[in-house]
Amino acid sequence: MTSKQKLSFDDFKKEVLADYKLAVISRGCSILGRQEVLMGRGGFGIFGGGKEVPQLAMAKAFKNGDFRSGYYRDQTFMMAIDALTPQQLFASLYGDTDISNSPESGGRQMNNHFATHSLNEDGTWKDLMAQKNSASDISCTAGQMPRLLGLAQASKVYRNVEGLESFTKFSNEGNEVAWGTIGNASTSEGGFWETINAAGVLQVPMVISIWDDEYGISVPAKYQTTKENISEILKGFQREEGTNGFEIFTVKGYDYPALVEVFEKAGKIARDEHIPIIIHVTDLMQPIGHSTSGSHERYKSEERLAYEKSIDCNTKMREWILNYSITDAEGTVYNFVANEDVLIALEKEADKEVKQAKREAWKNFKQPIQKTKSELLQLLKTIAKKSKNEAFINKHISDFENDMDVHVKPNLVYARKIVRFITEEDFPEKHILLNWIKDYIALYKNRYGSHLYSQTKHAALNITEILPTYEDNAPEVDARIILRDNFNELFTKHPETLIFGEDTGYIGDVNQGLEGMQEEFGEMRVSDTGIREATIAGQGIGMAMRGLRPIAEIQYLDYLLYALQVLSDDLASLHYRSAGRQKAPLIIRTRGHRLEGIWHSGSPMSGINNFLKGVCILVPRNMTKAAGFFNTMLESDDPALIIENLNGYRIKEKLPSNFGLFRTPVGVVETLTEGTDITLVSYGSTLKLVVRAALELRQFGISCEVIDIQSLMPFDINHDIVKSVKKTNRLMVIDEDVPGGASAYIMNEVLNTQNAYQYLDSKPITLASEEHRPAYGTDGDYFSNKSPEDIFEAIYSLMHEVNPEKFKPLY
Ligand SMILES: Cc1ncc(C[n+]2csc(CCOP(=O)(O)OP(=O)(O)O)c2C)c(N)n1
Ligand SMILES: [Mg+2]
């Protein structure tokens, strides 16, 4: 060895020992974390034990600007990239709501659901290139895969699209890799396969590591995976001379040097060549079972448990360190450690650090709660003394004092119970208590409830309306032209926009709303995808998380259900679950409602609405309004679903002149016709029918006020509908969702939230579709959805009830 080599051996040794120590610390966290939960200090615990060593290797290849999209086993990796401390691991186990203690979610997520901060506290982007990044985890098995595709694709976009040079916070010429991790059993999920296929087609810099411990909770590989071997069955994806595809590696999870080499190689290929990689990491195990919900001794045999012990990656790494020796030319032997004592000392130190981290985390969690408890107790005791119900109050105080539960909840439970005994009394401490309860609830409602939507100045609700302008002689054109010209303007103005979906690219979408745009803006920005709605959504989420402004197109509203899991579990919850530290301002474009047959006429708005709290749900009645919503949402940092009317593309609309500028406001209704007898509330393509019925009713002396909701979520923030009901005293909601669907949601908003019940002189009515799916053809539609005749007659009957003399029965 040269002296330089000796020096580098010293560095190597240091690195190996530091790695081993981290593996031991991480294992210690798993074991102690489990004990903490079993002692009642956490609701649930899931840990990364048994997968430490490969994660050390992955961390070495992971660079600033890279993204992880993984799952709950990755604590060692997160520690190795300095994005998690043992103390933070314990804080999140306890559910600490102080985000400086539990940075991944501020207590909203169960433990080991990791995240780094992409956003500052004020919602502005951090420099993602100056840090190592992890998308916020979700619990759903394989749920991390669709977004992984987008995180990887962003690099491809940054490398190939012109005009993005200034996006230096997000990319350095696309040299960033997206690293996925997934358990072996979770590869059975559809989302995994969809992602693999799409990544093979797209050729994006993605490295997927499969941590294979041969189990998914209690279910062994033979029930999970064909041939019980995921890399074996993935072989068809291997790239060959002249084809696209993957590089596939298989490596044992306890073989530290081999792992380091494989991850290094994989990272380099992905980074340099934008080739996706699969690393099948085999021979892993679970030293403490799946999670705290059970024990694996229940379903693993003695032999299996013994075998698992024999392949424990930490033990194997320890053996490797002890046995390692290299001899130089002069015959000098180099070892990592002189003897086992060095490792024993290191392990002791690691153990101490873990215990210390646990103690600190517990102290930080309990101190503010206990401080509040003791102050509250003092106040309650004074109140007891002053109250004529002292005996009752003292009973609660004594229960409170004896209650060992260290949570915020008991503080409120006892305080709120005591309030009931002082309603008839008045002394200063009572008011102190009432105010304290109000403030304490507000504090924790905010800790648990903030950031469902953006709270920045770019929140959708802060983007104000700009009306379309028209030249004097503006022609009436097919409405799709308005969308097309508007998209052209947006794409010219914003190089970070891109749109993709089935038939979106070459033909410019099935209704020609993007006609000619691929030619103009290139295949990278206006692209066709495979038929794979879940990963179209995932592509959008991942790219939006890296500073791009994707528009993900789902060809028809009815097929949004394929993507709904991804949109609900990932997109809609992202801002909330990261307590406002990650965002994905994705726009999903789709078209739907009434056209032909069961799957091109559905309007499953109640399902969508309920599953996508956190996303703006926009239902424009025409294409000018739709274009205005695209313009609004591109100014905003909230995600949105914009549903165009499938039957509206060839209807004539006046051509505006301020493309890219006019904005339809979110959360604001529009009154289309004024009236005095009844308020009719509707949206989307049904609205045309309501307007027609209202015109016909006018002939018969019934005056309808027609309101277009436009934005189902957020809903009528100015409470304009109740203002109308105050005037008409009657209310009907008409839509084409099922009975009890979106119409019930709207009714709840108007009656409950806006308190319109007090102005009603007649029963509030919902007119929805039939319960069955809409049938094919003109008559299928007529008997499945409400027609103008149905609407006319429902309103007429209501008015007959009001004034039977004037409105004689129709039948
Ligand atoms: C969609 C979904 N189904 C079921 C579960 C419950 N669940 C959590 S982890 C798990 C097993 C996962 O096994 P594997 O992917 O091999 O990961 P491991 O825990 O073994 O590392 C299951 C079934 C879930 N979280 N999400
Ligand atoms: Mg497994």
# chains A, B, ... in the order shown; residues from 1 in each chain; ligands from 1
>>> residues_around(residues="stretch 222-232 of chain A", least_positions_apart="4", cutoff="7 Å", atoms="only C-alpha atoms", output="list of chain:residue names")
A:Ala185, A:Ser188, A:His280
>>> residues_around(residues="A:Ile31", least_positions_apart="2", cutoff="9 Å", atoms="only C-alpha atoms", output="PyMOL selection string")
chain A and resi 26-29+33-36+47+49+287-288
>>> closest_residue(among="A:Tyr307, A:Phe521, A:Trp599, A:Phe500", to="A:Glu533", atoms="only C-alpha atoms")
A:Phe500
>>> residues_near_ligand(ligand="ligand 1", cutoff="8 Å", atoms="only C-alpha atoms and all ligand atoms", output="ChimeraX atom specification")
/A:48,72-73,139-143,182-187,189,211-217,286,290
>>> residues_around(residues="A:Asp137", least_positions_apart="4", cutoff="10 Å", atoms="only C-alpha atoms", output="ChimeraX atom specification")
/A:68-72,104-105,109,112-115,143-144,570,574,577-578
>>> write_last_selection(atoms="N, CA, C and O atoms", output="compact mmCIF listing (two decimals), in the first residue's frame")
# COMPACT_ATOMS: atom_id res chain seq x y z
N ARG A 68 -36.44 10.66 -2.43
CA ARG A 68 -36.88 9.31 -2.05
C ARG A 68 -38.40 9.26 -2.08
O ARG A 68 -39.07 10.22 -1.72
N SER A 69 -38.94 8.13 -2.53
CA SER A 69 -40.37 7.89 -2.40
C SER A 69 -40.48 6.47 -1.87
O SER A 69 -40.34 5.50 -2.61
N GLY A 70 -40.68 6.34 -0.58
CA GLY A 70 -40.52 5.03 0.03
C GLY A 70 -41.59 4.68 1.03
O GLY A 70 -42.70 5.20 0.99
N TYR A 71 -41.23 3.80 1.95
CA TYR A 71 -42.21 3.35 2.94
C TYR A 71 -41.59 3.21 4.32
O TYR A 71 -40.41 3.51 4.52
N TYR A 72 -42.39 2.71 5.25
CA TYR A 72 -42.09 2.79 6.68
C TYR A 72 -40.84 2.07 7.15
O TYR A 72 -40.48 2.19 8.32
N GLU A 104 -41.52 15.51 10.27
CA GLU A 104 -42.13 14.87 9.09
C GLU A 104 -43.62 15.15 8.96
O GLU A 104 -44.13 15.18 7.84
N SER A 105 -44.32 15.36 10.07
CA SER A 105 -45.74 15.63 9.91
C SER A 105 -46.34 16.41 11.08
O SER A 105 -47.55 16.62 11.12
N GLN A 109 -49.02 12.04 11.30
CA GLN A 109 -48.85 10.69 10.77
C GLN A 109 -48.31 9.75 11.84
O GLN A 109 -47.59 10.18 12.75
N ASN A 112 -42.57 6.58 11.57
CA ASN A 112 -41.90 6.05 10.39
C ASN A 112 -42.62 6.34 9.08
O ASN A 112 -42.56 5.56 8.13
N HIS A 113 -43.35 7.43 9.04
CA HIS A 113 -43.87 7.94 7.77
C HIS A 113 -43.08 9.23 7.54
O HIS A 113 -43.40 10.27 8.08
N PHE A 114 -42.04 9.09 6.74
CA PHE A 114 -40.99 10.11 6.70
C PHE A 114 -41.29 11.21 5.69
O PHE A 114 -42.05 11.00 4.74
N ALA A 115 -40.65 12.35 5.90
CA ALA A 115 -40.72 13.44 4.92
C ALA A 115 -39.64 14.44 5.24
O ALA A 115 -39.27 14.62 6.40
N GLY A 143 -48.36 2.65 -2.61
CA GLY A 143 -48.86 4.01 -2.87
C GLY A 143 -47.76 4.99 -3.19
O GLY A 143 -48.00 6.06 -3.77
N GLN A 144 -46.51 4.62 -2.85
CA GLN A 144 -45.38 5.51 -3.15
C GLN A 144 -44.91 5.40 -4.60
O GLN A 144 -44.10 6.19 -5.05
N ASP A 570 -52.76 10.28 -1.85
CA ASP A 570 -51.49 11.00 -1.98
C ASP A 570 -51.72 12.49 -2.21
O ASP A 570 -51.42 13.33 -1.36
N LEU A 574 -51.47 15.41 0.77
CA LEU A 574 -50.04 15.76 0.84
C LEU A 574 -49.77 17.02 1.68
O LEU A 574 -48.95 17.01 2.61
N ARG A 577 -50.87 16.28 5.31
CA ARG A 577 -50.11 15.31 6.11
C ARG A 577 -48.67 15.75 6.37
O ARG A 577 -48.01 15.25 7.27
N SER A 578 -48.19 16.70 5.56
CA SER A 578 -46.86 17.22 5.82
C SER A 578 -46.93 18.53 6.60
O SER A 578 -45.95 19.26 6.70
>>> atom_distance(atom1="atom CA of A:Pro804", atom2="atom CA of A:Ala693")
20.2 Å
>>> residues_around(residues="A:Asn244", least_positions_apart="2", cutoff="10 Å", atoms="only C-alpha atoms", output="mmCIF file with N, CA, C and O atoms, in the first residue's frame")
data_model
loop_
_atom_site.group_PDB
_atom_site.id
_atom_site.type_symbol
_atom_site.label_atom_id
_atom_site.label_comp_id
_atom_site.auth_asym_id
_atom_site.auth_seq_id
_atom_site.Cartn_x
_atom_site.Cartn_y
_atom_site.Cartn_z
ATOM 1 N N ALA A 199 -42.324 3.390 -16.357
ATOM 2 C CA ALA A 199 -40.937 3.865 -16.250
ATOM 3 C C ALA A 199 -40.071 3.249 -17.349
ATOM 4 O O ALA A 199 -39.159 3.889 -17.873
ATOM 5 N N GLY A 200 -40.389 2.005 -17.700
ATOM 6 C CA GLY A 200 -39.654 1.360 -18.795
ATOM 7 C C GLY A 200 -39.901 2.063 -20.113
ATOM 8 O O GLY A 200 -39.007 2.191 -20.951
ATOM 9 N N VAL A 201 -41.128 2.530 -20.288
ATOM 10 C CA VAL A 201 -41.463 3.261 -21.510
ATOM 11 C C VAL A 201 -40.825 4.651 -21.497
ATOM 12 O O VAL A 201 -40.208 5.083 -22.465
ATOM 13 N N LEU A 202 -40.954 5.317 -20.361
ATOM 14 C CA LEU A 202 -40.515 6.723 -20.297
ATOM 15 C C LEU A 202 -39.001 6.875 -20.163
ATOM 16 O O LEU A 202 -38.458 7.934 -20.454
ATOM 17 N N GLN A 203 -38.346 5.818 -19.674
ATOM 18 C CA GLN A 203 -36.890 5.886 -19.458
ATOM 19 C C GLN A 203 -36.508 7.087 -18.587
ATOM 20 O O GLN A 203 -35.942 8.083 -19.040
ATOM 21 N N PHE A 237 -38.411 -7.099 -18.376
ATOM 22 C CA PHE A 237 -38.211 -5.646 -18.432
ATOM 23 C C PHE A 237 -36.735 -5.267 -18.628
ATOM 24 O O PHE A 237 -36.414 -4.096 -18.779
ATOM 25 N N GLN A 238 -35.864 -6.269 -18.575
ATOM 26 C CA GLN A 238 -34.421 -5.990 -18.731
ATOM 27 C C GLN A 238 -34.160 -5.338 -20.092
ATOM 28 O O GLN A 238 -34.608 -5.838 -21.122
ATOM 29 N N ARG A 239 -33.454 -4.230 -20.092
ATOM 30 C CA ARG A 239 -33.158 -3.595 -21.389
ATOM 31 C C ARG A 239 -32.141 -4.447 -22.146
ATOM 32 O O ARG A 239 -31.278 -5.099 -21.542
ATOM 33 N N GLU A 240 -32.266 -4.396 -23.439
ATOM 34 C CA GLU A 240 -31.329 -5.136 -24.292
ATOM 35 C C GLU A 240 -30.801 -4.183 -25.346
ATOM 36 O O GLU A 240 -31.290 -3.063 -25.475
ATOM 37 N N GLU A 241 -29.856 -4.649 -26.087
ATOM 38 C CA GLU A 241 -29.323 -3.859 -27.200
ATOM 39 C C GLU A 241 -30.485 -3.330 -28.046
ATOM 40 O O GLU A 241 -31.292 -4.112 -28.547
ATOM 41 N N GLY A 242 -30.586 -2.033 -28.137
ATOM 42 C CA GLY A 242 -31.605 -1.449 -29.018
ATOM 43 C C GLY A 242 -33.020 -1.390 -28.450
ATOM 44 O O GLY A 242 -33.951 -1.029 -29.153
ATOM 45 N N PHE A 246 -35.257 -1.756 -18.278
ATOM 46 C CA PHE A 246 -34.601 -1.532 -16.985
ATOM 47 C C PHE A 246 -33.239 -2.220 -16.920
ATOM 48 O O PHE A 246 -32.997 -3.189 -17.630
ATOM 49 N N GLU A 247 -32.402 -1.751 -16.012
ATOM 50 C CA GLU A 247 -31.297 -2.567 -15.521
ATOM 51 C C GLU A 247 -31.806 -3.219 -14.239
ATOM 52 O O GLU A 247 -32.420 -2.553 -13.402
ATOM 53 N N ILE A 275 -31.812 5.889 -17.107
ATOM 54 C CA ILE A 275 -32.319 4.518 -17.260
ATOM 55 C C ILE A 275 -32.907 4.099 -15.908
ATOM 56 O O ILE A 275 -32.256 4.292 -14.878
ATOM 57 N N PRO A 276 -34.106 3.529 -15.911
ATOM 58 C CA PRO A 276 -34.645 3.058 -14.631
ATOM 59 C C PRO A 276 -33.987 1.754 -14.184
ATOM 60 O O PRO A 276 -33.557 0.953 -15.018
#
>>> residues_around(residues="A:His800", least_positions_apart="6", cutoff="7 Å", atoms="only C-alpha atoms", output="list in words")
Phe807, Lys808 and Pro809 of chain A
>>> write_last_selection(atoms="all heavy atoms", output="mmCIF file, in the first residue's frame")
data_model
loop_
_atom_site.group_PDB
_atom_site.id
_atom_site.type_symbol
_atom_site.label_atom_id
_atom_site.label_comp_id
_atom_site.auth_asym_id
_atom_site.auth_seq_id
_atom_site.Cartn_x
_atom_site.Cartn_y
_atom_site.Cartn_z
ATOM 1 N N PHE A 807 -101.727 27.583 -9.850
ATOM 2 C CA PHE A 807 -101.031 26.529 -10.607
ATOM 3 C C PHE A 807 -101.805 25.230 -10.482
ATOM 4 O O PHE A 807 -101.611 24.451 -9.549
ATOM 5 C CB PHE A 807 -99.599 26.371 -10.083
ATOM 6 C CG PHE A 807 -98.807 27.658 -10.138
ATOM 7 C CD1 PHE A 807 -98.479 28.337 -8.975
ATOM 8 C CD2 PHE A 807 -98.434 28.213 -11.360
ATOM 9 C CE1 PHE A 807 -97.777 29.534 -9.017
ATOM 10 C CE2 PHE A 807 -97.722 29.406 -11.410
ATOM 11 C CZ PHE A 807 -97.397 30.077 -10.237
ATOM 12 N N LYS A 808 -102.720 25.058 -11.390
ATOM 13 C CA LYS A 808 -103.579 23.861 -11.370
ATOM 14 C C LYS A 808 -102.721 22.616 -11.627
ATOM 15 O O LYS A 808 -101.697 22.694 -12.310
ATOM 16 C CB LYS A 808 -104.622 23.960 -12.496
ATOM 17 C CG LYS A 808 -105.551 25.143 -12.346
ATOM 18 C CD LYS A 808 -106.639 24.853 -11.314
ATOM 19 C CE LYS A 808 -107.653 25.983 -11.289
ATOM 20 N NZ LYS A 808 -107.894 26.506 -9.953
ATOM 21 N N PRO A 809 -103.144 21.472 -11.079
ATOM 22 C CA PRO A 809 -102.305 20.278 -11.254
ATOM 23 C C PRO A 809 -102.091 19.921 -12.721
ATOM 24 O O PRO A 809 -103.003 20.094 -13.540
ATOM 25 C CB PRO A 809 -103.075 19.179 -10.531
ATOM 26 C CG PRO A 809 -104.415 19.737 -10.225
ATOM 27 C CD PRO A 809 -104.371 21.216 -10.316
#
>>> closest_residue(among="A:Lys395, A:Lys60, A:Lys316, A:His600", to="A:Arg773", atoms="only C-alpha atoms")
A:His600
>>> closest_residue(among="A:Lys654, A:Lys806, A:Arg546, A:Lys366", to="A:Lys625", atoms="only C-alpha atoms")
A:Lys654
>>> atom_distance(atom1="atom CA of A:Leu322", atom2="atom CA of A:Ala338")
8.3 Å
>>> atom_distance(atom1="atom CA of A:Val207", atom2="atom CA of A:Glu496")
24.4 Å
>>> closest_residue(among="A:Glu553, A:Asp637, A:Asp96, A:Asp708", to="A:Ile463", atoms="only C-alpha atoms")
A:Asp637
>>> closest_residue(among="A:Ile499, A:Ala357, A:Ile369, A:Val219", to="ligand 2", atoms="only C-alpha atoms and all ligand atoms")
A:Val219
>>> closest_residue(among="A:Met58, A:Thr282, A:Thr243, A:Glu273", to="ligand 2", atoms="only C-alpha atoms and all ligand atoms")
A:Thr282
>>> residues_around(residues="A:Val666", least_positions_apart="2", cutoff="7 Å", atoms="only C-alpha atoms", output="PyMOL selection string")
chain A and resi 460-461+664+668+711+714
>>> residues_around(residues="stretch 477-482 of chain A", least_positions_apart="6", cutoff="12 Å", atoms="only C-alpha atoms", output="PDB file with N, CA and C atoms, in the first residue's frame")
ATOM      1  N   PRO A 468     -63.258  37.651 -19.093  1.00  0.00           N
ATOM      2  CA  PRO A 468     -62.795  37.605 -20.480  1.00  0.00           C
ATOM      3  C   PRO A 468     -63.182  38.907 -21.185  1.00  0.00           C
ATOM      4  N   ASN A 488     -52.468  27.328 -25.526  1.00  0.00           N
ATOM      5  CA  ASN A 488     -51.315  27.833 -26.285  1.00  0.00           C
ATOM      6  C   ASN A 488     -50.677  29.016 -25.583  1.00  0.00           C
ATOM      7  N   GLU A 489     -51.520  29.907 -25.131  1.00  0.00           N
ATOM      8  CA  GLU A 489     -51.024  31.104 -24.452  1.00  0.00           C
ATOM      9  C   GLU A 489     -50.315  30.729 -23.147  1.00  0.00           C
ATOM     10  N   GLY A 508     -53.785  15.776 -30.042  1.00  0.00           N
ATOM     11  CA  GLY A 508     -54.205  16.974 -29.315  1.00  0.00           C
ATOM     12  C   GLY A 508     -55.506  16.788 -28.555  1.00  0.00           C
ATOM     13  N   ASP A 509     -55.657  15.671 -27.947  1.00  0.00           N
ATOM     14  CA  ASP A 509     -56.774  15.192 -27.111  1.00  0.00           C
ATOM     15  C   ASP A 509     -57.977  14.786 -27.959  1.00  0.00           C
ATOM     16  N   VAL A 510     -58.812  13.938 -27.377  1.00  0.00           N
ATOM     17  CA  VAL A 510     -59.915  13.350 -28.140  1.00  0.00           C
ATOM     18  C   VAL A 510     -60.912  14.401 -28.648  1.00  0.00           C
ATOM     19  N   ASN A 511     -60.878  15.579 -28.063  1.00  0.00           N
ATOM     20  CA  ASN A 511     -61.789  16.630 -28.532  1.00  0.00           C
ATOM     21  C   ASN A 511     -61.052  17.825 -29.127  1.00  0.00           C
ATOM     22  N   GLN A 512     -59.751  17.603 -29.389  1.00  0.00           N
ATOM     23  CA  GLN A 512     -58.980  18.612 -30.131  1.00  0.00           C
ATOM     24  C   GLN A 512     -58.782  19.927 -29.381  1.00  0.00           C
ATOM     25  N   GLY A 513     -58.828  19.833 -28.060  1.00  0.00           N
ATOM     26  CA  GLY A 513     -58.583  21.044 -27.270  1.00  0.00           C
ATOM     27  C   GLY A 513     -57.111  21.414 -27.230  1.00  0.00           C
ATOM     28  N   LEU A 514     -56.249  20.502 -27.746  1.00  0.00           N
ATOM     29  CA  LEU A 514     -54.805  20.769 -27.742  1.00  0.00           C
ATOM     30  C   LEU A 514     -54.254  20.660 -29.161  1.00  0.00           C
ATOM     31  N   GLU A 515     -55.124  20.847 -30.106  1.00  0.00           N
ATOM     32  CA  GLU A 515     -54.758  20.683 -31.518  1.00  0.00           C
ATOM     33  C   GLU A 515     -53.481  21.463 -31.860  1.00  0.00           C
ATOM     34  N   GLY A 516     -52.524  20.772 -32.435  1.00  0.00           N
ATOM     35  CA  GLY A 516     -51.299  21.432 -32.909  1.00  0.00           C
ATOM     36  C   GLY A 516     -50.291  21.743 -31.823  1.00  0.00           C
ATOM     37  N   ARG A 591     -62.918  15.302 -18.639  1.00  0.00           N
ATOM     38  CA  ARG A 591     -64.175  15.730 -19.259  1.00  0.00           C
ATOM     39  C   ARG A 591     -65.228  14.685 -18.950  1.00  0.00           C
ATOM     40  N   ARG A 621     -69.334  25.438 -16.509  1.00  0.00           N
ATOM     41  CA  ARG A 621     -70.471  25.111 -17.366  1.00  0.00           C
ATOM     42  C   ARG A 621     -70.141  25.210 -18.850  1.00  0.00           C
ATOM     43  N   ASN A 622     -69.061  25.914 -19.192  1.00  0.00           N
ATOM     44  CA  ASN A 622     -68.671  25.997 -20.603  1.00  0.00           C
ATOM     45  C   ASN A 622     -67.151  26.111 -20.694  1.00  0.00           C
ATOM     46  N   MET A 623     -66.642  26.209 -21.910  1.00  0.00           N
ATOM     47  CA  MET A 623     -65.184  26.131 -22.085  1.00  0.00           C
ATOM     48  C   MET A 623     -64.495  27.464 -21.756  1.00  0.00           C
ATOM     49  N   THR A 624     -65.219  28.555 -21.860  1.00  0.00           N
ATOM     50  CA  THR A 624     -64.610  29.829 -21.453  1.00  0.00           C
ATOM     51  C   THR A 624     -64.377  29.805 -19.945  1.00  0.00           C
ATOM     52  N   LYS A 625     -65.384  29.305 -19.239  1.00  0.00           N
ATOM     53  CA  LYS A 625     -65.241  29.184 -17.778  1.00  0.00           C
ATOM     54  C   LYS A 625     -64.114  28.191 -17.442  1.00  0.00           C
ATOM     55  N   ALA A 626     -64.064  27.097 -18.203  1.00  0.00           N
ATOM     56  CA  ALA A 626     -63.018  26.083 -17.961  1.00  0.00           C
ATOM     57  C   ALA A 626     -61.641  26.693 -18.182  1.00  0.00           C
ATOM     58  N   ALA A 627     -61.474  27.380 -19.309  1.00  0.00           N
ATOM     59  CA  ALA A 627     -60.181  28.014 -19.600  1.00  0.00           C
ATOM     60  C   ALA A 627     -59.811  28.983 -18.477  1.00  0.00           C
ATOM     61  N   GLY A 628     -60.806  29.698 -17.995  1.00  0.00           N
ATOM     62  CA  GLY A 628     -60.575  30.640 -16.888  1.00  0.00           C
ATOM     63  C   GLY A 628     -60.102  29.923 -15.631  1.00  0.00           C
ATOM     64  N   PHE A 630     -58.316  27.110 -15.644  1.00  0.00           N
ATOM     65  CA  PHE A 630     -56.898  26.753 -15.860  1.00  0.00           C
ATOM     66  C   PHE A 630     -56.013  27.967 -15.555  1.00  0.00           C
ATOM     67  N   GLU A 644     -64.333  19.354 -17.651  1.00  0.00           N
ATOM     68  CA  GLU A 644     -64.992  20.008 -18.790  1.00  0.00           C
ATOM     69  C   GLU A 644     -66.234  19.209 -19.176  1.00  0.00           C
ATOM     70  N   ASN A 645     -67.194  19.894 -19.796  1.00  0.00           N
ATOM     71  CA  ASN A 645     -68.418  19.204 -20.222  1.00  0.00           C
ATOM     72  C   ASN A 645     -68.165  18.457 -21.512  1.00  0.00           C
ATOM     73  N   LEU A 646     -68.361  17.165 -21.442  1.00  0.00           N
ATOM     74  CA  LEU A 646     -68.075  16.318 -22.591  1.00  0.00           C
ATOM     75  C   LEU A 646     -68.924  16.695 -23.797  1.00  0.00           C
ATOM     76  N   ASN A 647     -70.091  17.228 -23.540  1.00  0.00           N
ATOM     77  CA  ASN A 647     -70.944  17.589 -24.691  1.00  0.00           C
ATOM     78  C   ASN A 647     -70.820  19.062 -25.062  1.00  0.00           C
ATOM     79  N   GLY A 648     -69.752  19.709 -24.600  1.00  0.00           N
ATOM     80  CA  GLY A 648     -69.682  21.158 -24.816  1.00  0.00           C
ATOM     81  C   GLY A 648     -68.656  21.630 -25.826  1.00  0.00           C
ATOM     82  N   TYR A 649     -67.858  20.705 -26.389  1.00  0.00           N
ATOM     83  CA  TYR A 649     -66.723  21.156 -27.213  1.00  0.00           C
ATOM     84  C   TYR A 649     -67.136  21.764 -28.544  1.00  0.00           C
ATOM     85  N   ARG A 650     -68.281  21.341 -29.051  1.00  0.00           N
ATOM     86  CA  ARG A 650     -68.703  21.859 -30.368  1.00  0.00           C
ATOM     87  C   ARG A 650     -69.807  22.897 -30.232  1.00  0.00           C
ATOM     88  N   ILE A 651     -70.161  23.218 -29.022  1.00  0.00           N
ATOM     89  CA  ILE A 651     -71.144  24.295 -28.824  1.00  0.00           C
ATOM     90  C   ILE A 651     -70.424  25.617 -29.063  1.00  0.00           C
ATOM     91  N   LYS A 652     -71.130  26.559 -29.667  1.00  0.00           N
ATOM     92  CA  LYS A 652     -70.478  27.832 -29.998  1.00  0.00           C
ATOM     93  C   LYS A 652     -70.359  28.724 -28.763  1.00  0.00           C
ATOM     94  N   GLU A 653     -69.173  29.302 -28.632  1.00  0.00           N
ATOM     95  CA  GLU A 653     -68.970  30.321 -27.592  1.00  0.00           C
ATOM     96  C   GLU A 653     -68.224  31.477 -28.233  1.00  0.00           C
ATOM     97  N   LYS A 654     -68.439  32.657 -27.660  1.00  0.00           N
ATOM     98  CA  LYS A 654     -67.796  33.859 -28.215  1.00  0.00           C
ATOM     99  C   LYS A 654     -66.292  33.812 -27.915  1.00  0.00           C
ATOM    100  N   LEU A 655     -65.496  34.193 -28.892  1.00  0.00           N
ATOM    101  CA  LEU A 655     -64.033  34.088 -28.759  1.00  0.00           C
ATOM    102  C   LEU A 655     -63.476  35.259 -27.927  1.00  0.00           C
ATOM    103  N   PRO A 656     -62.924  34.953 -26.765  1.00  0.00           N
ATOM    104  CA  PRO A 656     -62.346  36.047 -25.961  1.00  0.00           C
ATOM    105  C   PRO A 656     -61.038  36.556 -26.580  1.00  0.00           C
ATOM    106  N   SER A 657     -60.572  37.706 -26.134  1.00  0.00           N
ATOM    107  CA  SER A 657     -59.322  38.231 -26.691  1.00  0.00           C
ATOM    108  C   SER A 657     -58.171  38.207 -25.685  1.00  0.00           C
ATOM    109  N   ASN A 658     -58.462  37.982 -24.414  1.00  0.00           N
ATOM    110  CA  ASN A 658     -57.360  38.003 -23.422  1.00  0.00           C
ATOM    111  C   ASN A 658     -57.012  36.602 -22.925  1.00  0.00           C
ATOM    112  N   PHE A 659     -56.625  35.743 -23.868  1.00  0.00           N
ATOM    113  CA  PHE A 659     -56.263  34.372 -23.514  1.00  0.00           C
ATOM    114  C   PHE A 659     -55.120  34.345 -22.502  1.00  0.00           C
ATOM    115  N   GLY A 660     -55.205  33.362 -21.608  1.00  0.00           N
ATOM    116  CA  GLY A 660     -54.147  33.208 -20.598  1.00  0.00           C
ATOM    117  C   GLY A 660     -54.311  34.164 -19.432  1.00  0.00           C
ATOM    118  N   PHE A 662     -57.732  35.857 -18.491  1.00  0.00           N
ATOM    119  CA  PHE A 662     -59.021  35.874 -17.773  1.00  0.00           C
ATOM    120  C   PHE A 662     -59.081  34.716 -16.789  1.00  0.00           C
TER     121      PHE A 662
END
>>> select_by_dssp(residues="stretch 730-803 of chain A", states="helix (DSSP H, G or I)", output="number ranges by chain")
A: 742-753, 756-759, 777-784, 788-802
